[in-house]
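Asks: Handing you this structure, nothing more for now.
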Amino acid sequence: MKISSRTLRTFTALHTWVGLVAGFALFVAFYAGAITLFHHDVQAWQSPHGIHATAQTLDDAQHLLDETLARHPAARTHVGMVFPGEEYPIAATYWQEPSGAWRYATTEHPEGLDEMPGGALTELVNALHYSLGIPVAGTYLMGIVSLLYGLALISGVVIHLPRLVEDLFALRPGRNLKRMWQDAHNVIGVLSLPMHIMFAVTGAMLCLVMIVMLALDPLIYRNQLMGALGPAMDTAPVVAPAGREQKIGSLAMWHERSIAIAREQGLADFEPAYLKLANAGDANATVEVTGESAGALGPLGSVAMNANTGAKLATQLPGERDANHATLASAYALHFGEYGNAWVQWLYFLLGLGGAFLFYSGNLLWMESRRKRRQAEQGRAPLWMARATVGVCIGVCVAISVAFVATQLLQLPALSGIDLGFGVSAACFIAWALCALWAALRPPIRAAHELLWAAAIATALIPFAHGIATGAWWWTSAAAGRWALFAIDAGAIAMAVGFGWLARVTAHRMRTGEANSVWAIAPMPVAARVEAPQP
């Protein structure tokens, strides 16, 4: 396939600038997203209940639901509940007050809490992944970034298509750093291209679904979007209260009936995970039970029933969904690897780290392409790009590790007075801001070296903080067969070793690298190097 040089230059410029505009956000999304893949494991790791408490029973959950409905009138209109199980050993209810604030309750705190118990860390990392931690607007921002990401992928394919086979496995280490980084960037980008296209498409879909629906409202929904939104997104039909009181069924009945209905549709291993109950105590009360079925693309499905009698109202289960639910469920499962086993999870983890490397290396290539090889003074744009790359990219690695450490330390009795959600978020964003400030004030190569060591130390502290706070050291977790806890601690140790290795490589570049570069500490003027006597 012949591509003209003019077309190639156009797509190269497009690829470069789209990558630079979206690269920082995508680095954060991919690095945090790689951790989010182990959401269930981190959920158990961050909570003392994941270690010390045995899973509650349906009887315990029933007592909590009854007390929530009795103590909180707003919950009778609509309440959600997490079934006790492997991910959440303790049951929890959640509902929205008339003020709009969400409240959460457990058997230990039936009065209600402002945040989900034990969910501070996973919610923070997930928020960094899909919104950069920016409320509301961040989700739409990441949707736009996903579209730019797709544009960068298309332009990258056009650039490398003429030499695809020749350059695919070319990895040429040596003194030519630009060529080495280019080769690594190309190999990872091409080999993981199908998955990156999927990430771009599903990311844009999940983040911008509401924007698309609002745009199509006049054409499809005839300005009745809000009324159509419930049936489009939920399984249970919207039923007005009858105004007649009636005793609702039990959790055990809903649990049993949802499994039976799923089996009638050919799903032998449906496992209920959470429910949504509407109009509790009314004759028209409905309950929607969502569960997981292994071996399906989009394993999450739901069964809607009359909450009083258990009669089936509707289902959205794998294999028998409408187009809307099938699309959203498949997009979510593809984006987060929910359709596979642990091998798929680890593959996605490696793809997440590889994606973060793509955007980091793209910035390095941009800076290297603008290096003035014959003068010590480099341009301001490459210098500030180097500082931003170090501060934002390495900084978020430090910040997330600090959040892991803070999660455990803030649960110590001496620090129990500090709100956990606020404390973890504050530790993360303050650490990130300090890293960005440090990178702005130091020569880029020194800042990179120092922040990589900071990342190594902060990450190495994760298993120590876990052991100190809970007594579950990584070796005791392994001996007890708690492999989820062991995987988090052992993974942190491996990541710390990796950051330490990168710090040593950076130190070598600092000592032996070319002087005329934004990565030089104090470049020697060219004239001085020319006149220097040869040994």
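Chain labels follow the order of the structure tokens: the first chain is A, the next B, and so on; residue numbering restarts at 1 in every chain, and ligands are counted from 1 in their shown order.
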Find the residues near Asn284 in chain A: any atom within 8 Å, counting only C-alpha atoms, skip ones fewer than 5 places away on the same chain, and give them as a PyMOL selection string.

Replies: chain A and resi 239-242+279+306-307

Asks: With a distance cut-off of 12 Å and only C-alpha atoms, select the neighbouring residues of Pro237 in chain A, excluding the residue or stretch itself and same-chain residues fewer than 2 positions from it, and output the selection as a PDB file with C-alpha atoms, in the first residue's frame.

Replies:
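Just written: around_22.pdb:
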ATOM      1  CA  GLY A 227     -39.151   9.152  31.357  1.00  0.00           C
ATOM      2  CA  ALA A 228     -37.442   6.720  28.996  1.00  0.00           C
ATOM      3  CA  LEU A 229     -34.178   6.583  30.921  1.00  0.00           C
ATOM      4  CA  GLY A 230     -35.399   4.228  33.668  1.00  0.00           C
ATOM      5  CA  PRO A 231     -36.689   1.477  31.353  1.00  0.00           C
ATOM      6  CA  ALA A 232     -33.595   1.842  29.159  1.00  0.00           C
ATOM      7  CA  MET A 233     -31.102   1.435  32.011  1.00  0.00           C
ATOM      8  CA  ASP A 234     -32.947  -0.699  34.593  1.00  0.00           C
ATOM      9  CA  THR A 235     -34.610  -4.094  34.471  1.00  0.00           C
ATOM     10  CA  VAL A 239     -44.518   1.065  38.752  1.00  0.00           C
ATOM     11  CA  ALA A 240     -46.381   3.749  40.670  1.00  0.00           C
ATOM     12  CA  LEU A 277     -35.806  -2.369  46.165  1.00  0.00           C
ATOM     13  CA  ALA A 278     -38.480   0.213  45.271  1.00  0.00           C
ATOM     14  CA  ASN A 284     -46.567  -2.526  44.062  1.00  0.00           C
ATOM     15  CA  ALA A 285     -43.108  -2.944  45.571  1.00  0.00           C
ATOM     16  CA  THR A 286     -40.502  -4.226  43.095  1.00  0.00           C
ATOM     17  CA  VAL A 287     -37.069  -5.711  43.595  1.00  0.00           C
ATOM     18  CA  GLU A 288     -34.277  -6.068  41.040  1.00  0.00           C
ATOM     19  CA  VAL A 303     -33.987 -10.356  37.474  1.00  0.00           C
ATOM     20  CA  ALA A 304     -36.919  -8.092  38.410  1.00  0.00           C
ATOM     21  CA  MET A 305     -39.698  -9.438  40.624  1.00  0.00           C
ATOM     22  CA  ASN A 306     -42.676  -8.336  42.609  1.00  0.00           C
ATOM     23  CA  LYS A 312     -41.200 -12.459  37.708  1.00  0.00           C
ATOM     24  CA  LEU A 313     -41.650  -9.050  36.084  1.00  0.00           C
ATOM     25  CA  ALA A 314     -38.700  -8.865  33.664  1.00  0.00           C
ATOM     26  CA  THR A 315     -35.184 -10.168  33.105  1.00  0.00           C
ATOM     27  CA  GLN A 316     -31.998  -8.905  31.492  1.00  0.00           C
TER      28      GLN A 316
END

Asks: From the DSSP assignment of the backbone, select every residue of range 227-306 of chain A that is helix (DSSP H, G or I), and format the answer as a PDB file with C-alpha atoms, in the first residue's frame.

Replies:
ATOM      1  CA  GLY A 227     -39.151   9.152  31.357  1.00  0.00           C
ATOM      2  CA  ALA A 228     -37.442   6.720  28.996  1.00  0.00           C
ATOM      3  CA  LEU A 229     -34.178   6.583  30.921  1.00  0.00           C
ATOM      4  CA  GLY A 230     -35.399   4.228  33.668  1.00  0.00           C
ATOM      5  CA  PRO A 231     -36.689   1.477  31.353  1.00  0.00           C
ATOM      6  CA  ALA A 232     -33.595   1.842  29.159  1.00  0.00           C
ATOM      7  CA  MET A 233     -31.102   1.435  32.011  1.00  0.00           C
ATOM      8  CA  LEU A 251     -34.060 -11.674  51.197  1.00  0.00           C
ATOM      9  CA  ALA A 252     -33.940 -15.459  51.231  1.00  0.00           C
ATOM     10  CA  MET A 253     -36.989 -15.627  48.978  1.00  0.00           C
ATOM     11  CA  TRP A 254     -35.591 -13.051  46.523  1.00  0.00           C
ATOM     12  CA  HIS A 255     -32.233 -14.839  46.511  1.00  0.00           C
ATOM     13  CA  GLU A 256     -33.841 -18.223  45.816  1.00  0.00           C
ATOM     14  CA  ARG A 257     -36.317 -16.918  43.231  1.00  0.00           C
ATOM     15  CA  SER A 258     -33.673 -15.006  41.239  1.00  0.00           C
ATOM     16  CA  ILE A 259     -31.530 -18.146  40.978  1.00  0.00           C
ATOM     17  CA  ALA A 260     -34.555 -20.217  39.944  1.00  0.00           C
ATOM     18  CA  ILE A 261     -35.587 -17.717  37.253  1.00  0.00           C
ATOM     19  CA  ALA A 262     -32.029 -17.581  35.907  1.00  0.00           C
ATOM     20  CA  ARG A 263     -31.926 -21.371  35.714  1.00  0.00           C
ATOM     21  CA  GLU A 264     -35.184 -21.363  33.754  1.00  0.00           C
TER      22      GLU A 264
END

Asks: Which neighbours of Glu97 in chain A fall inside 12 Å, counting only C-alpha atoms, when residues of the same chain fewer than 6 positions from it are skipped, and could you give them as a PyMOL selection string?

Replies: chain A and resi 72-79+103-104+112-114

Asks: May I have the residues within 9 Å of Ile154 in chain A as a ChimeraX atom specification, using only C-alpha atoms and disregarding those fewer than 5 positions away in the same chain?

Replies: /A:11,15,149,159,197

Asks: Point out the residue among A:Met510, A:Val136, A:Ile188, A:Ala152 with the least atom-to-atom distance to Met210 in chain A, counting only C-alpha atoms.

Replies: A:Val136

Asks: Between A:Trp366, A:Ser293, A:Gly354, A:Ala458, which residue has the minimum interatomic distance to Ala381 in chain A, considering only C-alpha atoms?

Replies: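 Counting only C-alpha atoms, the residue closest to Ala381 in chain A is A:Trp366.
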
Asks: Tell me which of A:Thr10, A:Leu191, A:Leu121, A:Met495 sits closest to Ala456 in chain A, counting only C-alpha atoms.

Replies: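 Counting only C-alpha atoms, the residue closest to Ala456 in chain A is A:Met495.
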